[in-house]
>>> print(open('data-v4.pdb').read())   # PDB, C-alpha atoms
ATOM      1  CA  MET A   1     -25.643 -12.746  -2.056
ATOM      2  CA  ARG A   2     -23.173 -11.972   0.723
ATOM      3  CA  ILE A   3     -22.343 -15.655   1.205
ATOM      4  CA  VAL A   4     -21.830 -16.102  -2.549
ATOM      5  CA  LEU A   5     -19.297 -13.261  -2.551
ATOM      6  CA  ARG A   6     -17.546 -14.668   0.503
ATOM      7  CA  TYR A   7     -17.111 -18.079  -1.135
ATOM      8  CA  PHE A   8     -16.092 -16.500  -4.435
ATOM      9  CA  PHE A   9     -13.236 -14.598  -2.776
ATOM     10  CA  ARG A  10     -12.202 -17.636  -0.745
ATOM     11  CA  GLY A  11     -11.949 -19.542  -4.016
ATOM     12  CA  VAL A  12      -9.884 -16.788  -5.569
ATOM     13  CA  ARG A  13      -7.521 -16.860  -2.555
ATOM     14  CA  LEU A  14      -7.232 -20.643  -2.788
ATOM     15  CA  VAL A  15      -6.152 -20.368  -6.419
ATOM     16  CA  LEU A  16      -3.880 -17.337  -6.084
ATOM     17  CA  SER A  17      -2.123 -18.172  -2.802
ATOM     18  CA  PRO A  18       0.080 -20.972  -4.190
ATOM     19  CA  VAL A  19       0.901 -18.867  -7.249
ATOM     20  CA  MET A  20       1.966 -15.937  -5.059
ATOM     21  CA  LEU A  21       4.100 -18.144  -2.802
ATOM     22  CA  ILE A  22       5.849 -19.752  -5.775
ATOM     23  CA  ALA A  23       6.446 -16.325  -7.315
ATOM     24  CA  GLU A  24       7.964 -15.182  -4.004
ATOM     25  CA  LYS A  25      10.392 -18.119  -3.987
ATOM     26  CA  LEU A  26      11.401 -17.501  -7.596
ATOM     27  CA  SER A  27      11.845 -13.736  -7.252
ATOM     28  CA  THR A  28      13.401 -13.347  -3.794
ATOM     29  CA  PRO A  29      16.607 -11.342  -4.236
ATOM     30  CA  GLN A  30      20.092 -12.312  -3.108
ATOM     31  CA  SER A  31      21.110 -11.101   0.326
ATOM     32  CA  VAL A  32      23.541  -8.226   0.754
ATOM     33  CA  GLU A  33      27.045  -9.323   1.679
ATOM     34  CA  ARG A  34      28.445  -8.399   5.073
ATOM     35  CA  SER A  35      31.512  -9.431   7.002
ATOM     36  CA  GLU A  36      30.997 -12.169   9.574
ATOM     37  CA  GLN A  37      31.217  -9.595  12.375
ATOM     38  CA  GLU A  38      28.748  -7.211  10.719
ATOM     39  CA  GLN A  39      26.267 -10.042  10.099
ATOM     40  CA  ALA A  40      26.558 -11.158  13.735
ATOM     41  CA  GLU A  41      25.705  -7.599  14.845
ATOM     42  CA  VAL A  42      22.722  -7.477  12.472
ATOM     43  CA  ASP A  43      21.526 -10.889  13.695
ATOM     44  CA  GLU A  44      21.733  -9.696  17.307
ATOM     45  CA  ALA A  45      19.735  -6.547  16.479
ATOM     46  CA  CYS A  46      17.082  -8.667  14.738
ATOM     47  CA  ARG A  47      16.373 -10.482  18.004
ATOM     48  CA  GLN A  48      14.418  -7.388  19.039
ATOM     49  CA  LEU A  49      12.119  -7.665  16.014
ATOM     50  CA  ALA A  50       9.185  -9.867  15.001
ATOM     51  CA  LEU A  51       7.050  -9.722  11.879
ATOM     52  CA  TYR A  52       3.361 -10.545  12.242
ATOM     53  CA  GLN A  53       2.089 -11.727   8.882
ATOM     54  CA  PHE A  54      -0.263 -13.856   6.809
ATOM     55  CA  ARG A  55       1.658 -16.274   4.575
ATOM     56  CA  SER A  56       0.089 -15.299   1.242
ATOM     57  CA  CYS A  57      -0.558 -11.594   1.890
ATOM     58  CA  PRO A  58       1.121  -9.663  -0.951
ATOM     59  CA  PHE A  59       2.239  -6.875   1.380
ATOM     60  CA  CYS A  60       3.755  -9.422   3.776
ATOM     61  CA  ILE A  61       5.546 -11.038   0.830
ATOM     62  CA  LYS A  62       6.942  -7.601  -0.051
ATOM     63  CA  VAL A  63       8.385  -7.226   3.461
ATOM     64  CA  ARG A  64       9.751 -10.786   3.544
ATOM     65  CA  LYS A  65      11.525 -10.196   0.229
ATOM     66  CA  GLU A  66      13.162  -7.063   1.617
ATOM     67  CA  MET A  67      14.167  -8.952   4.742
ATOM     68  CA  ALA A  68      15.818 -11.558   2.504
ATOM     69  CA  ARG A  69      17.522  -8.867   0.421
ATOM     70  CA  LEU A  70      18.859  -7.183   3.563
ATOM     71  CA  GLY A  71      19.955 -10.517   5.081
ATOM     72  CA  LEU A  72      17.738 -10.086   8.156
ATOM     73  CA  LYS A  73      16.812 -13.032  10.349
ATOM     74  CA  ILE A  74      13.620 -11.644  11.861
ATOM     75  CA  GLU A  75      11.190 -13.969  13.629
ATOM     76  CA  ILE A  76       8.056 -14.552  11.548
ATOM     77  CA  ARG A  77       4.800 -14.860  13.497
ATOM     78  CA  ASP A  78       1.754 -16.199  11.656
ATOM     79  CA  ALA A  79      -1.251 -14.157  12.792
ATOM     80  CA  GLN A  80      -3.540 -15.972  10.370
ATOM     81  CA  LEU A  81      -3.174 -19.565  11.548
ATOM     82  CA  ASP A  82      -1.925 -19.110  15.120
ATOM     83  CA  PRO A  83      -4.665 -17.729  17.403
ATOM     84  CA  ASP A  84      -2.128 -16.803  20.116
ATOM     85  CA  ARG A  85      -0.132 -14.679  17.672
ATOM     86  CA  ARG A  86      -3.339 -13.107  16.370
ATOM     87  CA  ARG A  87      -4.321 -12.172  19.931
ATOM     88  CA  GLU A  88      -0.834 -10.732  20.623
ATOM     89  CA  LEU A  89      -1.122  -8.588  17.506
ATOM     90  CA  GLU A  90      -4.572  -7.304  18.427
ATOM     91  CA  GLU A  91      -3.711  -6.615  22.066
ATOM     92  CA  GLY A  92      -0.267  -5.139  21.435
ATOM     93  CA  GLY A  93      -0.791  -3.284  18.167
ATOM     94  CA  GLY A  94      -4.455  -2.515  18.624
ATOM     95  CA  LYS A  95      -5.670  -4.185  15.434
ATOM     96  CA  VAL A  96      -5.317  -7.357  13.412
ATOM     97  CA  LYS A  97      -3.636  -5.915  10.342
ATOM     98  CA  VAL A  98      -0.593  -7.276   8.577
ATOM     99  CA  PRO A  99       2.222  -6.871   7.985
ATOM    100  CA  CYS A 100       3.145  -5.512  11.384
ATOM    101  CA  LEU A 101       6.691  -5.252  12.707
ATOM    102  CA  LEU A 102       7.064  -5.461  16.471
ATOM    103  CA  ILE A 103      10.096  -3.499  17.623
ATOM    104  CA  GLU A 104      11.283  -4.158  21.197
ATOM    105  CA  HIS A 105      13.297  -1.120  22.294
ATOM    106  CA  ASP A 106      16.149  -1.339  24.816
ATOM    107  CA  ASP A 107      14.087   0.620  27.366
ATOM    108  CA  GLY A 108      11.364  -2.101  27.273
ATOM    109  CA  ARG A 109       8.992  -0.077  25.128
ATOM    110  CA  GLN A 110       7.226  -1.855  22.270
ATOM    111  CA  GLU A 111       6.552  -0.216  18.926
ATOM    112  CA  TRP A 112       4.061  -1.753  16.490
ATOM    113  CA  LEU A 113       4.807  -0.618  12.942
ATOM    114  CA  TYR A 114       2.176  -1.271  10.265
ATOM    115  CA  GLU A 115       2.277  -0.847   6.448
ATOM    116  CA  SER A 116       4.808  -2.578   4.216
ATOM    117  CA  ASN A 117       6.358   0.651   2.901
ATOM    118  CA  ALA A 118       6.840   2.031   6.421
ATOM    119  CA  ILE A 119       8.332  -1.272   7.617
ATOM    120  CA  ASN A 120      10.733  -1.476   4.665
ATOM    121  CA  ALA A 121      11.773   2.169   5.139
ATOM    122  CA  TRP A 122      12.445   1.531   8.847
ATOM    123  CA  LEU A 123      14.502  -1.582   8.022
ATOM    124  CA  HIS A 124      16.580   0.413   5.550
ATOM    125  CA  ARG A 125      17.189   3.207   8.064
ATOM    126  CA  ARG A 126      18.079   0.746  10.834
ATOM    127  CA  PHE A 127      20.289  -1.590   8.849
ATOM    128  CA  GLY A 128      21.904   0.947   6.541
ATOM    129  CA  ALA A 129      21.011  -0.449   3.124
ATOM    130  CA  GLU A 130      20.015   1.717   0.201
ATOM    131  CA  PRO A 131      16.229   1.620  -0.276
ATOM    132  CA  GLN A 132      14.962  -0.070  -3.409
ATOM    133  CA  THR A 133      12.157   1.444  -5.455
ATOM    134  CA  GLY A 134       9.274  -0.530  -6.827
TER     135      GLY A 134
END
>>> encode(input="data-v4.pdb", output="C-alpha cells")
Amino acid sequence: MRIVLRYFFRGVRLVLSPVMLIAEKLSTPQSVERSEQEQAEVDEACRQLALYQFRSCPFCIKVRKEMARLGLKIEIRDAQLDPDRRRELEEGGGKVKVPCLLIEHDDGRQEWLYESNAINAWLHRRFGAEPQTG
C-alpha cells in the first residue's frame, strides 16, 4: 500500500508541476522601479544571498515571485536536482527543507532562514518595500 501511495503522489506531482510553473510565469508581478544607482546597490546586497529551492515547490514559487516583485537578483540553488546544493543545505542549515534563504553577513556569519513568510518578511525589511498580503 505504501508503494501505491508513493507512486500516486509522484503522478500528482508530475501533472501539477508544469501547471504550477506556467501559472508562476503568467502571474509574476512587475518589478518595483528604482533609480540605476539604487538598483546597483540592491544588486550588490543580493550577492550575499542565495535561495535554496525546489523548482515546483509552491512555497518556493511564492518567494521567487516576491523576489521578482522586489527586483532582486538572488542566486537560485536547486536543492532537488543538485546533490551538492542539497548537501550544502543540510550541512549549513541543518535540514533539507525549502525554501531556505542563505544570508552571508559581513562578519562571515551565515544565517539560514526557512519558511516562505519569514523569508518574504526579511526581504521586505532589508530592501524597504511595503509587504504585500496574500
>>> resolve_selection(input="data-v4.pdb", expression="the PyMOL selection byres ((chain A and resi 27) around 12)", output="CSV table (one decimal) with C-alpha atoms, keeping the file's coordinate frame")
chain,number,residue,atom,x,y,z
A,20,MET,CA,2.0,-15.9,-5.1
A,21,LEU,CA,4.1,-18.1,-2.8
A,22,ILE,CA,5.8,-19.8,-5.8
A,23,ALA,CA,6.4,-16.3,-7.3
A,24,GLU,CA,8.0,-15.2,-4.0
A,25,LYS,CA,10.4,-18.1,-4.0
A,26,LEU,CA,11.4,-17.5,-7.6
A,28,THR,CA,13.4,-13.3,-3.8
A,29,PRO,CA,16.6,-11.3,-4.2
A,30,GLN,CA,20.1,-12.3,-3.1
A,61,ILE,CA,5.5,-11.0,0.8
A,62,LYS,CA,6.9,-7.6,-0.1
A,64,ARG,CA,9.8,-10.8,3.5
A,65,LYS,CA,11.5,-10.2,0.2
A,66,GLU,CA,13.2,-7.1,1.6
A,68,ALA,CA,15.8,-11.6,2.5
A,69,ARG,CA,17.5,-8.9,0.4
>>> closest_residue(input="data-v4.pdb", among="A:Ser116, A:Tyr52, A:Cys60, A:Glu75", to="Gly92 of chain A", atoms="only C-alpha atoms")
A:Tyr52
>>> atom_distance(input="data-v4.pdb", atom1="atom CA of Arg34 of chain A", atom2="atom CA of Leu51 of chain A")
22.5 Å
>>> closest_residue(input="data-v4.pdb", among="A:His105, A:Arg13, A:His124, A:Lys95", to="Leu72 of chain A", atoms="all atoms listed in the file")
A:His124
>>> closest_residue(input="data-v4.pdb", among="A:Ala40, A:Leu16, A:Cys57, A:Val4", to="Gly71 of chain A", atoms="only C-alpha atoms")
A:Ala40
>>> axis_aligned_box(input="data-v4.pdb", around="segment 75-86 of chain A", padding_each_side="6 Å", output="lines of an AutoDock Vina configuration file")
center_x = 3.3
center_y = -16.3
center_z = 15.2
size_x = 27.9
size_y = 18.5
size_z = 21.7
>>> resolve_selection(input="data-v4.pdb", expression="the PyMOL selection byres ((chain A and resi 93) around 12)", output="list in words")
Leu51, Tyr52, Arg85, Arg86, Arg87, Glu88, Leu89, Glu90, Glu91, Gly92, Gly94, Lys95, Val96, Lys97, Val98, Pro99, Cys100, Leu101, Leu102, Ile103, Gln110, Glu111, Trp112, Leu113 and Tyr114 of chain A
>>> atom_distance(input="data-v4.pdb", atom1="atom CA of Val32 of chain A", atom2="atom CA of Arg125 of chain A")
15.0 Å
>>> atom_distance(input="data-v4.pdb", atom1="atom CA of Leu70 of chain A", atom2="atom CA of Gly128 of chain A")
9.2 Å
>>> resolve_selection(input="data-v4.pdb", expression="the PyMOL selection byres ((chain A and resi 54) around 6)", output="PyMOL selection string")
chain A and resi 53+55-57+78+80
>>> closest_residue(input="data-v4.pdb", among="A:Ile3, A:Val63, A:Phe9, A:Val19", to="Ile119 of chain A", atoms="all atoms listed in the file")
A:Val63
>>> decode(input="data-v4.pdb", residues="segment 77-99 of chain A", atoms="C-alpha atoms", output="PDB file, in the first residue's frame")
ATOM      1  CA  ARG A  77      20.260  26.985  -5.872  1.00  0.00           C
ATOM      2  CA  ASP A  78      18.339  23.835  -6.791  1.00  0.00           C
ATOM      3  CA  ALA A  79      18.446  21.515  -3.774  1.00  0.00           C
ATOM      4  CA  GLN A  80      16.208  18.985  -5.501  1.00  0.00           C
ATOM      5  CA  LEU A  81      18.271  18.139  -8.577  1.00  0.00           C
ATOM      6  CA  ASP A  82      21.775  19.175  -7.495  1.00  0.00           C
ATOM      7  CA  PRO A  83      23.184  16.813  -4.838  1.00  0.00           C
ATOM      8  CA  ASP A  84      25.958  19.284  -3.914  1.00  0.00           C
ATOM      9  CA  ARG A  85      23.420  22.023  -3.190  1.00  0.00           C
ATOM     10  CA  ARG A  86      21.278  19.566  -1.235  1.00  0.00           C
ATOM     11  CA  ARG A  87      24.298  18.633   0.893  1.00  0.00           C
ATOM     12  CA  GLU A  88      25.166  22.325   1.463  1.00  0.00           C
ATOM     13  CA  LEU A  89      21.615  22.958   2.639  1.00  0.00           C
ATOM     14  CA  GLU A  90      21.630  20.002   5.020  1.00  0.00           C
ATOM     15  CA  GLU A  91      25.080  20.737   6.440  1.00  0.00           C
ATOM     16  CA  GLY A  92      24.666  24.506   6.683  1.00  0.00           C
ATOM     17  CA  GLY A  93      21.004  24.838   7.616  1.00  0.00           C
ATOM     18  CA  GLY A  94      20.667  21.560   9.450  1.00  0.00           C
ATOM     19  CA  LYS A  95      17.829  20.155   7.349  1.00  0.00           C
ATOM     20  CA  VAL A  96      16.728  19.684   3.766  1.00  0.00           C
ATOM     21  CA  LYS A  97      13.708  21.966   3.773  1.00  0.00           C
ATOM     22  CA  VAL A  98      12.839  24.580   1.196  1.00  0.00           C
ATOM     23  CA  PRO A  99      12.624  27.423   0.636  1.00  0.00           C
TER      24      PRO A  99
END
